[in-house]
Structure formats: structure tokens, C-alpha cells
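Asks: Here you go, this is structure.tsv (TSV, C-alpha atoms and all ligand atoms).
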```tsv
chain	number	residue	atom	x	y	z
A	1	MET	CA	140.37	265.35	110.27
A	2	ILE	CA	137.63	267.38	111.99
A	3	VAL	CA	138.34	271.08	112.57
A	4	ASP	CA	136.19	273.89	113.99
A	5	GLY	CA	134.34	275.21	110.95
A	6	PHE	CA	133.65	278.54	112.64
A	7	ALA	CA	137.38	279.34	112.98
A	8	PRO	CA	138.67	281.64	110.19
A	9	GLU	CA	141.86	279.54	109.81
A	10	SER	CA	139.73	276.42	109.18
A	11	ILE	CA	137.79	278.23	106.46
A	12	ALA	CA	141.10	279.33	104.90
A	13	SER	CA	142.44	275.74	104.95
A	14	GLY	CA	139.19	274.48	103.45
A	15	ALA	CA	139.28	277.03	100.66
A	16	ASP	CA	142.99	276.31	99.99
A	17	CYS	CA	142.23	272.61	99.76
A	18	ILE	CA	139.32	273.16	97.37
A	19	SER	CA	141.22	275.58	95.14
A	20	ALA	CA	143.98	272.96	94.90
A	21	GLY	CA	141.44	270.43	93.60
A	22	GLY	CA	140.79	268.65	96.92
A	23	LEU	CA	137.66	267.63	98.81
A	24	VAL	CA	136.26	269.13	102.02
A	25	GLY	CA	133.45	267.98	104.31
A	26	MET	CA	131.13	270.99	104.49
A	27	PRO	CA	128.24	271.57	106.89
A	28	THR	CA	124.99	272.89	105.47
A	29	GLU	CA	121.67	273.45	107.22
A	30	THR	CA	120.25	270.29	105.57
A	31	VAL	CA	123.01	267.64	105.72
A	32	TYR	CA	126.81	267.67	105.40
A	33	GLY	CA	128.17	267.79	101.85
A	34	LEU	CA	131.40	266.53	100.27
A	35	ALA	CA	132.53	269.66	98.45
A	36	ALA	CA	134.89	270.33	95.53
A	37	ASP	CA	135.37	273.03	92.88
A	38	ALA	CA	132.33	272.54	90.62
A	39	CYS	CA	134.32	273.70	87.57
A	40	ASN	CA	137.32	271.42	88.10
A	41	ALA	CA	136.53	268.15	86.32
A	42	SER	CA	139.18	266.09	88.10
A	43	ALA	CA	138.18	267.41	91.53
A	44	VAL	CA	134.56	266.51	90.78
A	45	ALA	CA	135.69	263.07	89.62
A	46	ARG	CA	137.30	262.66	93.05
A	47	ILE	CA	133.88	263.19	94.68
A	48	PHE	CA	132.33	260.43	92.58
A	49	ALA	CA	135.22	258.10	93.42
A	50	ALA	CA	135.16	258.83	97.17
A	51	LYS	CA	131.40	258.22	97.36
A	52	ARG	CA	131.49	255.27	94.94
A	53	ARG	CA	128.74	257.13	93.11
A	54	PRO	CA	127.96	256.35	89.46
A	55	ALA	CA	129.22	259.24	87.30
A	56	GLU	CA	125.89	259.76	85.56
A	57	HIS	CA	124.25	260.82	88.86
A	58	PRO	CA	124.37	264.62	88.81
A	59	LEU	CA	125.63	266.61	91.82
A	60	ILE	CA	124.13	269.75	93.29
A	61	VAL	CA	126.19	272.89	92.62
A	62	HIS	CA	126.29	275.30	95.58
A	63	VAL	CA	126.49	279.02	94.89
A	64	ALA	CA	126.66	282.13	97.08
A	65	ASP	CA	123.57	283.84	95.65
A	66	ALA	CA	121.28	284.23	92.63
A	67	ALA	CA	124.06	286.03	90.73
A	68	GLY	CA	126.23	282.95	91.28
A	69	ALA	CA	123.45	280.82	89.80
A	70	ALA	CA	123.45	282.93	86.64
A	71	ARG	CA	126.97	281.64	85.85
A	72	PHE	CA	125.55	278.13	85.51
A	73	ALA	CA	121.94	278.53	84.40
A	74	GLN	CA	121.43	279.27	80.76
A	75	HIS	CA	118.08	280.80	81.58
A	76	VAL	CA	116.13	281.42	84.82
A	77	PRO	CA	112.34	281.22	84.30
A	78	THR	CA	110.37	283.90	86.19
A	79	PHE	CA	108.89	281.36	88.61
A	80	ALA	CA	112.37	280.03	89.43
A	81	GLY	CA	113.55	283.58	90.12
A	82	ALA	CA	110.62	284.00	92.51
A	83	LEU	CA	111.65	280.82	94.35
A	84	MET	CA	115.25	282.05	94.70
A	85	GLN	CA	113.93	285.35	96.01
A	86	ALA	CA	111.71	283.62	98.57
A	87	TYR	CA	113.91	280.76	99.79
A	88	TRP	CA	117.58	281.46	99.06
A	89	PRO	CA	119.70	281.08	101.03
A	90	GLY	CA	117.93	277.96	102.27
A	91	PRO	CA	117.08	274.27	101.82
A	92	LEU	CA	115.84	274.53	98.22
A	93	THR	CA	117.58	273.17	95.10
A	94	LEU	CA	116.43	274.33	91.66
A	95	ILE	CA	117.07	272.34	88.50
A	96	LEU	CA	117.68	274.78	85.65
A	97	PRO	CA	118.82	274.52	82.03
A	98	ARG	CA	122.63	274.42	82.11
A	99	ARG	CA	124.80	276.95	80.35
A	100	GLU	CA	126.85	275.14	77.76
A	101	GLY	CA	130.40	274.29	78.77
A	102	VAL	CA	130.05	274.85	82.53
A	103	ALA	CA	130.06	272.25	85.31
A	104	ALA	CA	129.45	269.44	82.80
A	105	VAL	CA	131.04	266.73	84.95
A	106	ALA	CA	129.22	267.89	88.11
A	107	ALA	CA	125.94	267.82	86.15
A	108	GLY	CA	126.62	264.21	85.16
A	109	GLY	CA	126.50	265.27	81.51
A	110	GLN	CA	122.84	266.40	81.75
A	111	ASP	CA	121.72	269.56	79.97
A	112	THR	CA	120.43	270.85	83.31
A	113	VAL	CA	122.16	271.76	86.55
A	114	GLY	CA	120.96	271.55	90.15
A	115	LEU	CA	121.69	274.83	92.00
A	116	ARG	CA	121.42	275.56	95.69
A	117	CYS	CA	122.42	278.48	97.88
A	118	PRO	CA	123.04	277.14	101.39
A	119	ALA	CA	122.21	279.17	104.52
A	120	HIS	CA	124.67	277.60	106.98
A	121	PRO	CA	127.20	280.25	108.08
A	122	VAL	CA	130.16	277.87	107.63
A	123	ALA	CA	129.07	276.96	104.09
A	124	ARG	CA	128.63	280.65	103.30
A	125	ALA	CA	132.05	281.52	104.70
A	126	LEU	CA	133.63	278.70	102.69
A	127	LEU	CA	131.89	279.87	99.48
A	128	GLN	CA	133.16	283.38	100.12
A	129	ALA	CA	136.74	282.27	100.80
A	130	CYS	CA	136.65	280.06	97.69
A	131	ALA	CA	135.39	282.98	95.59
A	132	ALA	CA	138.39	285.01	96.76
A	133	ARG	CA	140.55	282.21	95.29
A	134	GLY	CA	138.67	282.22	91.98
A	135	VAL	CA	136.41	279.24	92.75
A	136	HIS	CA	132.80	280.36	92.32
A	137	ALA	CA	130.77	277.23	93.03
A	138	LEU	CA	131.04	274.03	95.03
A	139	ALA	CA	129.72	270.71	93.78
A	140	ALA	CA	128.61	268.87	96.90
A	141	PRO	CA	126.55	265.74	97.23
A	142	SER	CA	125.65	264.51	100.70
A	143	ALA	CA	128.86	263.30	102.38
A	144	ASN	CA	128.00	259.61	102.59
A	145	GLN	CA	128.79	256.49	100.62
A	146	PHE	CA	126.37	256.12	97.70
A	147	GLY	CA	122.91	254.96	98.77
A	148	ARG	CA	123.56	255.30	102.47
A	149	VAL	CA	122.10	257.60	105.12
A	150	SER	CA	123.13	261.25	104.81
A	151	PRO	CA	125.36	262.67	107.58
A	152	THR	CA	124.06	265.34	109.95
A	153	THR	CA	127.17	265.75	112.12
A	154	ALA	CA	130.92	266.01	111.42
A	155	ALA	CA	131.44	262.66	113.17
A	156	HIS	CA	129.00	260.99	110.74
A	157	VAL	CA	131.13	262.30	107.84
A	158	GLN	CA	134.31	260.98	109.43
A	159	ASP	CA	132.68	257.53	109.66
A	160	GLU	CA	132.15	257.49	105.87
A	161	PHE	CA	135.57	258.49	104.46
A	162	ASP	CA	139.34	258.27	104.85
A	163	ARG	CA	140.85	259.73	107.99
A	164	ASP	CA	142.65	262.49	106.09
A	165	LEU	CA	139.49	264.17	104.72
A	166	LEU	CA	139.29	267.75	106.04
A	167	ILE	CA	135.89	268.17	107.71
A	168	LEU	CA	134.61	271.56	108.84
A	169	ASP	CA	132.56	271.02	111.98
A	170	GLY	CA	129.49	273.24	111.87
A	171	GLY	CA	127.49	271.41	114.55
A	172	ALA	CA	124.42	269.25	114.04
A	173	CYS	CA	122.39	270.22	110.96
A	174	SER	CA	119.28	272.24	111.82
A	175	VAL	CA	117.07	270.76	109.06
A	176	GLY	CA	118.47	267.22	109.08
A	177	ILE	CA	117.21	265.95	105.71
A	178	GLU	CA	118.30	266.93	102.19
A	179	SER	CA	116.96	270.01	100.38
A	180	THR	CA	113.66	270.11	98.52
A	181	ILE	CA	114.41	269.71	94.79
A	182	ILE	CA	112.21	271.56	92.28
A	183	ASP	CA	112.79	270.98	88.59
A	184	CYS	CA	112.35	274.38	86.91
A	185	SER	CA	113.48	273.25	83.47
A	186	ARG	CA	110.13	271.94	82.25
A	187	GLY	CA	107.90	275.03	82.17
A	188	ALA	CA	106.23	274.44	85.54
A	189	PRO	CA	107.65	273.51	88.94
A	190	VAL	CA	108.03	269.74	89.37
A	191	LEU	CA	108.81	268.26	92.78
A	192	LEU	CA	111.70	265.78	92.49
A	193	ARG	CA	112.49	265.42	96.19
A	194	PRO	CA	110.35	266.59	99.15
A	195	GLY	CA	112.15	268.52	101.88
A	196	ALA	CA	111.71	271.23	104.47
A	197	ILE	CA	110.27	273.64	101.90
A	198	THR	CA	106.87	272.15	101.10
A	199	ALA	CA	105.01	272.05	97.78
A	200	ALA	CA	102.45	274.45	99.29
A	201	GLN	CA	105.21	276.94	100.14
A	202	VAL	CA	106.56	276.68	96.59
A	203	ARG	CA	103.13	277.38	95.19
A	204	THR	CA	102.66	280.40	97.45
A	205	ALA	CA	106.06	281.82	96.51
A	206	CYS	CA	105.74	281.45	92.74
A	207	GLY	CA	101.99	281.29	92.10
A	208	LEU	CA	102.14	277.99	90.21
A	209	SER	CA	101.01	274.59	91.44
A	210	VAL	CA	103.70	272.01	91.86
A	211	LEU	CA	103.42	268.80	89.87
A	212	SER	CA	104.76	265.52	91.14
A	213	ASN	CA	107.32	263.87	88.92
A	214	GLU	CA	104.73	261.23	87.97
A	215	GLU	CA	102.10	263.84	87.02
A	216	GLN	CA	104.65	265.65	84.87
A	217	ALA	CA	105.66	262.40	83.16
A	218	ARG	CA	102.00	261.69	82.34
A	219	LEU	CA	101.43	265.17	80.89
A	220	ASP	CA	104.64	265.09	78.95
A	221	ALA	CA	104.54	261.55	77.59
A	222	SER	CA	106.03	262.72	74.29
A	223	ALA	CA	109.25	263.74	75.98
A	224	PRO	CA	109.98	261.09	78.58
A	225	ARG	CA	112.85	262.14	80.72
A	226	ALA	CA	115.24	260.13	82.74
A	227	SER	CA	114.18	261.16	86.20
A	228	GLY	CA	115.55	258.04	87.81
A	229	THR	CA	118.57	259.95	88.93
A	230	LEU	CA	117.44	260.27	92.53
A	231	GLU	CA	119.06	257.75	94.81
A	232	GLN	CA	116.73	254.86	95.43
A	233	HIS	CA	117.45	254.49	99.12
A	234	TYR	CA	118.88	256.16	102.16
A	235	ALA	CA	119.54	252.91	103.86
A	236	PRO	CA	121.04	252.05	107.21
A	237	LYS	CA	122.71	248.63	107.53
A	238	ALA	CA	119.65	247.26	109.34
A	239	ARG	CA	116.47	246.42	107.43
A	240	VAL	CA	113.79	249.05	107.86
A	241	ARG	CA	110.07	248.24	107.95
A	242	LEU	CA	107.26	250.78	108.14
A	243	MET	CA	104.09	249.79	110.01
A	244	ASP	CA	101.13	251.56	111.53
A	245	ALA	CA	101.16	251.82	115.31
A	246	ARG	CA	98.84	248.90	115.85
A	247	ALA	CA	100.80	246.52	113.59
A	248	LEU	CA	103.99	247.58	115.35
A	249	GLN	CA	102.58	246.77	118.78
A	250	THR	CA	101.25	243.44	117.48
A	251	ALA	CA	104.67	242.54	116.12
A	252	LEU	CA	106.27	243.40	119.48
A	253	ASN	CA	103.70	241.29	121.35
A	254	LEU	CA	105.01	238.24	119.49
A	255	LEU	CA	108.45	238.67	121.05
A	256	GLY	CA	109.32	236.87	124.28
A	257	PRO	CA	111.86	238.21	126.79
A	258	ASP	CA	114.91	237.00	124.83
A	259	VAL	CA	113.77	235.99	121.35
A	260	ASP	CA	115.80	238.58	119.59
A	261	ARG	CA	119.15	237.73	121.24
A	262	GLY	CA	121.45	236.04	118.75
A	263	THR	CA	118.93	236.10	115.93
A	264	ALA	CA	117.83	239.67	115.31
A	265	THR	CA	118.22	242.84	117.29
A	266	ILE	CA	115.06	244.85	116.91
A	267	ALA	CA	114.82	248.62	117.19
A	268	THR	CA	111.63	250.65	117.13
A	269	TYR	CA	111.05	254.30	116.30
A	270	SER	CA	107.50	255.43	116.95
A	271	ARG	CA	105.31	258.29	118.08
A	272	VAL	CA	103.13	255.99	120.16
A	273	LEU	CA	104.47	254.47	123.35
A	274	LEU	CA	105.08	250.76	122.73
A	275	THR	CA	105.28	248.00	125.30
A	276	THR	CA	107.39	244.86	125.02
A	277	ALA	CA	108.35	241.86	127.12
A	278	SER	CA	111.71	241.72	125.36
A	279	ARG	CA	114.71	243.00	127.30
A	280	SER	CA	116.73	243.79	124.21
A	281	VAL	CA	114.46	245.84	121.97
A	282	LEU	CA	115.97	249.30	121.37
A	283	ARG	CA	113.26	251.93	121.52
A	284	ARG	CA	113.37	255.57	120.42
A	285	HIS	CA	110.50	257.98	120.54
A	286	MET	CA	109.67	259.79	117.29
A	287	PRO	CA	108.79	263.46	117.97
A	288	ASP	CA	105.24	264.59	117.22
A	289	ASP	CA	106.64	267.58	115.37
A	290	ALA	CA	107.62	266.77	111.76
A	291	ASP	CA	110.51	269.28	111.65
A	292	GLU	CA	111.97	267.85	114.84
A	293	ALA	CA	111.56	264.32	113.48
A	294	ALA	CA	113.44	265.36	110.32
A	295	ARG	CA	116.25	266.85	112.42
A	296	GLN	CA	116.73	263.54	114.27
A	297	LEU	CA	115.91	260.98	111.62
A	298	PHE	CA	119.30	260.13	110.10
A	299	ALA	CA	121.12	260.31	113.43
A	300	VAL	CA	118.61	257.86	114.93
A	301	LEU	CA	119.09	255.42	112.03
A	302	ARG	CA	122.88	255.67	112.41
A	303	GLU	CA	122.62	255.16	116.16
A	304	PHE	CA	120.58	251.99	115.70
A	305	ASP	CA	123.24	250.70	113.28
A	306	ALA	CA	125.96	251.47	115.81
A	307	GLN	CA	124.01	249.59	118.49
A	308	GLY	CA	123.87	246.51	116.26
A	309	ALA	CA	120.19	246.62	115.28
A	310	THR	CA	119.36	244.26	112.43
A	311	LEU	CA	115.69	245.21	112.10
A	312	ILE	CA	114.28	248.71	112.51
A	313	TRP	CA	110.51	248.90	112.89
A	314	VAL	CA	109.22	252.40	112.28
A	315	GLU	CA	105.74	253.78	112.81
A	316	THR	CA	104.48	255.15	109.47
A	317	PRO	CA	104.39	258.94	109.81
A	318	PRO	CA	101.00	260.67	109.61
A	319	PRO	CA	99.54	261.37	106.14
A	320	ALA	CA	99.72	265.18	106.67
A	321	PRO	CA	101.79	267.14	104.09
A	322	GLU	CA	104.26	268.40	106.69
A	323	TRP	CA	105.38	264.77	107.08
A	324	ASP	CA	105.94	264.23	103.32
A	325	ALA	CA	109.73	264.59	103.47
A	326	VAL	CA	110.25	262.33	106.48
A	327	ARG	CA	107.84	259.76	105.03
A	328	ASP	CA	109.73	259.88	101.72
A	329	ARG	CA	113.10	259.16	103.39
A	330	LEU	CA	111.65	256.35	105.48
A	331	GLN	CA	109.97	254.76	102.47
A	332	ARG	CA	113.26	254.84	100.60
A	333	ALA	CA	115.07	253.37	103.59
A	334	ALA	CA	112.50	250.58	103.70
A	335	ALA	CA	112.53	249.90	99.93
A	401	LIG	O1	120.51	269.24	100.97
A	401	LIG	C1	121.11	268.87	99.96
A	401	LIG	O2	120.64	269.00	98.83
A	401	LIG	C2	122.49	268.24	100.17
A	401	LIG	C3	123.43	269.31	100.68
A	401	LIG	C4	124.84	268.82	100.82
A	401	LIG	O3	123.36	270.44	99.86
A	401	LIG	N1	122.97	267.65	98.96
A	401	LIG	C5	122.46	266.51	98.43
A	401	LIG	O4	123.12	266.05	97.32
A	401	LIG	O5	121.51	265.93	98.91
A	401	LIG	P1	122.97	264.59	96.72
A	401	LIG	O6	123.95	264.50	95.61
A	401	LIG	O7	123.07	263.57	97.76
A	401	LIG	O8	121.54	264.61	96.08
A	401	LIG	C6	121.38	265.40	94.97
A	401	LIG	C7	120.18	264.95	94.20
A	401	LIG	C8	120.48	263.67	93.49
A	401	LIG	O9	119.46	262.74	93.76
A	401	LIG	C9	120.49	264.07	92.03
A	401	LIG	O10	119.95	263.10	91.21
A	401	LIG	C10	119.65	265.34	92.02
A	401	LIG	O11	119.93	265.94	93.22
A	401	LIG	N2	120.11	266.22	90.94
A	401	LIG	C11	121.22	266.98	90.91
A	401	LIG	N3	121.34	267.60	89.72
A	401	LIG	C12	120.28	267.22	88.98
A	401	LIG	C13	119.82	267.50	87.66
A	401	LIG	N4	120.52	268.28	86.84
A	401	LIG	N5	118.67	266.92	87.26
A	401	LIG	C14	117.96	266.10	88.06
A	401	LIG	N6	118.34	265.80	89.32
A	401	LIG	C15	119.47	266.34	89.77
A	402	MG	MG	122.73	261.93	98.86
```
Do you think you could lay out the structure here as C-alpha cells?
Replies:
Amino acid sequence: MIVDGFAPESIASGADCISAGGLVGMPTETVYGLAADACNASAVARIFAAKRRPAEHPLIVHVADAAGAARFAQHVPTFAGALMQAYWPGPLTLILPRREGVAAVAAGGQDTVGLRCPAHPVARALLQACAARGVHALAAPSANQFGRVSPTTAAHVQDEFDRDLLILDGGACSVGIESTIIDCSRGAPVLLRPGAITAAQVRTACGLSVLSNEEQARLDASAPRASGTLEQHYAPKARVRLMDARALQTALNLLGPDVDRGTATIATYSRVLLTTASRSVLRRHMPDDADEAARQLFAVLREFDAQGATLIWVETPPPAPEWDAVRDRLQRAAA
């Protein structure tokens, strides 16, 4: 059931539902989350079941502020504190050593916990109303079935779960892809997932260079760490292929007027203008601006699915760092 997330009575119903151990679809500035009381083990188990997510995959715990994070982090390194100061509330998740005995199920049993302070006004209002009911943090993975494309509207969430899920409508997400994840539990910042906050911004805010997960693993060979917890794909139903603009146009040139009818329905998403003789190719223009492309990306993939596309041909985004997050999601979708 979708309700207006900006209405105070919707926030109250959401907070009542969560404090009773239920699940709520919650808008954030990145993507919609499926939220539950992070400290209620059976509520958190309900998230894993609803998403069909393996229980060892840790969830992000959402808090109202840095003081909220201190309930869950055993220790906040100075550089992590600087990142909170610079980018909270906002699209940045920090992995920190977990305080013993808290949010163990949400953390998937790891000795660390992923903490994020969302900026979306509906998420903030929900956190505040939950706090008034004694619930101080919300475990919330993206509100999609495991491995599938994250939702960026309330309607996307409704498409993924039972009709009776309470979904707070907070409009279309302004960022559109999941938060940047920085592991702060290994002495230096390690980038686990690129997002709207770039590695360069992290470095500027905390004065330390950001290692990629692979670089960190090489430096720290003595203590290999299961980092394979990030979902492998963000896949639509159609098969996604990444190509440069020229290869994409060449592939289209091979299609006649009707070749794709009855065999494959092809969709393209590109910055260059493509030409085709086929009457049935679905074409969407990828914005030249990386932030705008991020905002649209998951909705475009979902739209192609809804239109029955079986193949999605995407122009590989430019190599510039501002495209890292969009490129990452597309590469996972194509994997
Ligand atoms: O933007 C976002 O981060 C959204 C919104 C709803 O906040 N949430 C989100 O959650 O993307 P989810 O569960 O779909 O992705 C969380 C990622 C997972 O890949 C998980 O492996 C990683 O965060 N993660 C969470 N806790 C972790 C931990 N303790 N150590 C390593 N990775 C962790
Ligand atoms: Mg997810």
C-alpha cells in the first residue's frame, strides 16, 4: 500500500509498524529501502525473507546522526569521523567495527557494521518518529528482490513485494543509485561500492587516499577478508551488453526492419544518436551528465523490462571518474 510519505499520519503509521516488528518501504535520496528495527532480530529476519536475500549478506543500518552511529560502532577512527562531518546526512555508508551485541543479525554476523545517515526528509522523519518509540536505527537494504535492480520510486517497490507492504511515497530518488560504501575498519579508507560521493571527495574530506578493494587485498594479503558480500549484479530481466558507440551502431546496422520481432526485442541506451532500420528497437538517450544518468538509470532498465525488451545494448559510459558509479552498476548488470 503506497501512502504519502510527507503526511505526518503516514510517518506515524510507518513508525508504529516498525516498532511492532514490521517492514516499511522507505524513500531515501539514493534508492528506496526496505526498513525494519535494526535491533529486532526477528524483524530483520523478515527483511531477508522478503528479499530472498542470503542471511550472511549484511544490511546497512540507518541512523539519525553521528551520535546514533556511536551506538553501533565500537570505535570511530578520526578519518571516519571526518567523513561523517563532511557528508552526513547524505549518500555515504561507512563500514565500522561493530559494538559487541548490537545489530548482529542486521550485520550478517560480521564484526563490522555498515552505517548510513540518510538525507531524505521522509527517511529523517521516520527515523525521528521511530526514536520516539524507542527504535534508534533502521536496517534497510534496497527494496528489491535479491540481485535485482534497486527501486527509485514507490511504484517500483510495490512491484517487488506483497500488496500489503506499507510504502512511504517520497517521490523519485534524487541520486538514483545506491550510496558510496567506504570501509573504515581497516586503517585506511577502502572503496567497496562507488556512488555519488567520489573517491576524490572522500580524499579531500579526510586527507587520506582511498584504496580500491583489490589494492587493499594485495597490501593486506596476510589477513584476507571476505569482501564478496556485495551483490554481484543489479540485473533487469533482459540481458545487458555494454559496447562502445561504434560497436553499438554496427550491431544495429545488422538488423533489418523486422528481425527482432518474435525473436528478441532490442533496446538501446546511449549518449550518441543511433540510427536503425528496425521498427521495433526501443531507444533511450543517456544524458551527458553523469549525475543525471545515475538518477535515470534504474528506472530506464525497469522501463525496458516492462516494454518486453530481451536485450539491452548500452553505450559504455566515458572513462572519467564522475562516471565510475554508473559504469559500475552497468558492468554488474551486464555480468
Ligand atoms: O543507498 C543505499 O545504500 C541503500 C539505501 C536504502 O540506503 N541501501 C542499500 O543496501 O543499497 P543494500 O543492502 O542493497 O546494499 C548494502 C551493501 C551490500 O552489498 C552489503 O554487502 C554492504 O552494503 N554491507 C553492509 N554492511 C556491510 C559490512 N559490515 N561489511 C561489508 N559490506 C557491508
Ligand atoms: Mg541492494
Asks: One decimal, Å: what's the distance from atom CA of A:Ser278 over to atom CA of A:Leu297, could you say?
Replies: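 Separation between atom CA of A:Ser278 and atom CA of A:Leu297: 24.0 Å.
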Asks: Taking all atoms listed in the file into account, name the residue in A:Arg116, A:Gly33, A:Ala86, A:Thr78 that is nearest to A:His62.
Replies: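 Residue with the minimum atom-to-atom distance to A:His62: A:Arg116.
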Asks: Hey, which of A:Ala41, A:Ala155, A:Ala294, A:Ala35 ends up closest to ligand LIG 401 (chain A)? Count only C-alpha atoms and all ligand atoms.
Replies: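 Selected residue with least distance to ligand LIG 401 (chain A): A:Ala35.
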Asks: Neighbours of A:Ala290 within 9 Å (all atoms listed in the file; same-chain residues fewer than 2 positions away dropped), as a list in words?
Replies: Pro287, Asp288, Glu292, Ala293, Ala294, Arg295, Pro317, Glu322, Trp323, Asp324, Ala325 and Val326 of chain A
Asks: Grab the residues selected above and save them as a tab-separated table (two decimals), in the coordinates of the input with C-alpha atoms.
Replies:
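Resulting contents of result27.tsv:
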```
chain	number	residue	atom	x	y	z
A	287	PRO	CA	108.79	263.46	117.97
A	288	ASP	CA	105.24	264.59	117.22
A	292	GLU	CA	111.97	267.85	114.84
A	293	ALA	CA	111.56	264.32	113.48
A	294	ALA	CA	113.44	265.36	110.32
A	295	ARG	CA	116.25	266.85	112.42
A	317	PRO	CA	104.39	258.94	109.81
A	322	GLU	CA	104.26	268.40	106.69
A	323	TRP	CA	105.38	264.77	107.08
A	324	ASP	CA	105.94	264.23	103.32
A	325	ALA	CA	109.73	264.59	103.47
A	326	VAL	CA	110.25	262.33	106.48
```
Asks: Mind dumping a table of every chain A residue within 7 Å of ligand MG 402 (chain A), with the nearest atom pair and its distance in Å to one decimal, using all atoms listed in the file, sorted by chain and rising number, as JSON lines?
Replies:
```
{"residue": "A:Pro141", "atom": "CA", "partner": "A:MG402", "partner_atom": "MG", "distance": 5.6}
{"residue": "A:Ser142", "atom": "CA", "partner": "A:MG402", "partner_atom": "MG", "distance": 4.3}
{"residue": "A:Asn144", "atom": "CA", "partner": "A:MG402", "partner_atom": "MG", "distance": 6.9}
{"residue": "A:Phe146", "atom": "CA", "partner": "A:MG402", "partner_atom": "MG", "distance": 7.0}
{"residue": "A:Gly147", "atom": "CA", "partner": "A:MG402", "partner_atom": "MG", "distance": 7.0}
{"residue": "A:Ser150", "atom": "CA", "partner": "A:MG402", "partner_atom": "MG", "distance": 6.0}
{"residue": "A:Glu231", "atom": "CA", "partner": "A:MG402", "partner_atom": "MG", "distance": 6.9}
```
Asks: Can you work out which one of A:Leu138, A:Ala143, A:Ala267, A:Leu242 has the shortest atom-to-atom distance to A:Asp159, counting all atoms listed in the file?
Replies: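 Ranking A:Leu138, A:Ala143, A:Ala267, A:Leu242 by distance to A:Asp159, first place goes to A:Ala143.
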Asks: Could you name the residues that touch stretch 121-123 of chain A at 7 Å or less, counting only C-alpha atoms, but leaving out those on the same chain fewer than 2 positions away, as a PyMOL selection string?
Replies: chain A and resi 5-6+26-28+118-119+125-127+170
Asks: For A:His285, work out the shell of residues within 6 Å, counting all atoms listed in the file and skipping chain neighbours fewer than 3 positions away, then give it as a CSV table (one decimal) with C-alpha atoms, in the frame of the given file.
Replies:
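In the end it all went to result.csv:
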```
chain,number,residue,atom,x,y,z
A,269,TYR,CA,111.0,254.3,116.3
A,270,SER,CA,107.5,255.4,117.0
A,271,ARG,CA,105.3,258.3,118.1
```
Asks: Go through A:Ala70, A:Val202, A:Val31, A:Met84 and flag the residue nearest A:Ala154, using only C-alpha atoms for the distances.
Replies: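 Smallest distance to A:Ala154 is found for A:Val31.
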Asks: Set up a box along x, y and z of the file covering all listed atoms of ligand LIG 401 (chain A), add 8 Å on every one of the six sides, and write the centre and edge lengths in Å to one decimal, as JSON.
Replies:
```
{"center_x": 121.4, "center_y": 266.6, "center_z": 93.9, "size_x": 22.9, "size_y": 23.7, "size_z": 30.1}
```
Asks: Out of A:Leu83, A:Ala131, A:Val190, A:Leu165, which residue has the shortest atom-to-atom distance to ligand LIG 401 (chain A) when counting only C-alpha atoms and all ligand atoms?
Replies: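 Once distances to ligand LIG 401 (chain A) are computed over only C-alpha atoms and all ligand atoms, the minimum belongs to A:Val190.
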Asks: Name the residues, using the chain letters and numbers of the file, that sit within 12 Å of (108.4, 275.6, 108.5) when counting all atoms listed in the file, and give them as a ChimeraX atom specification.
Replies: /A:87,90-91,174-175,195-201,289-292,294,321-323
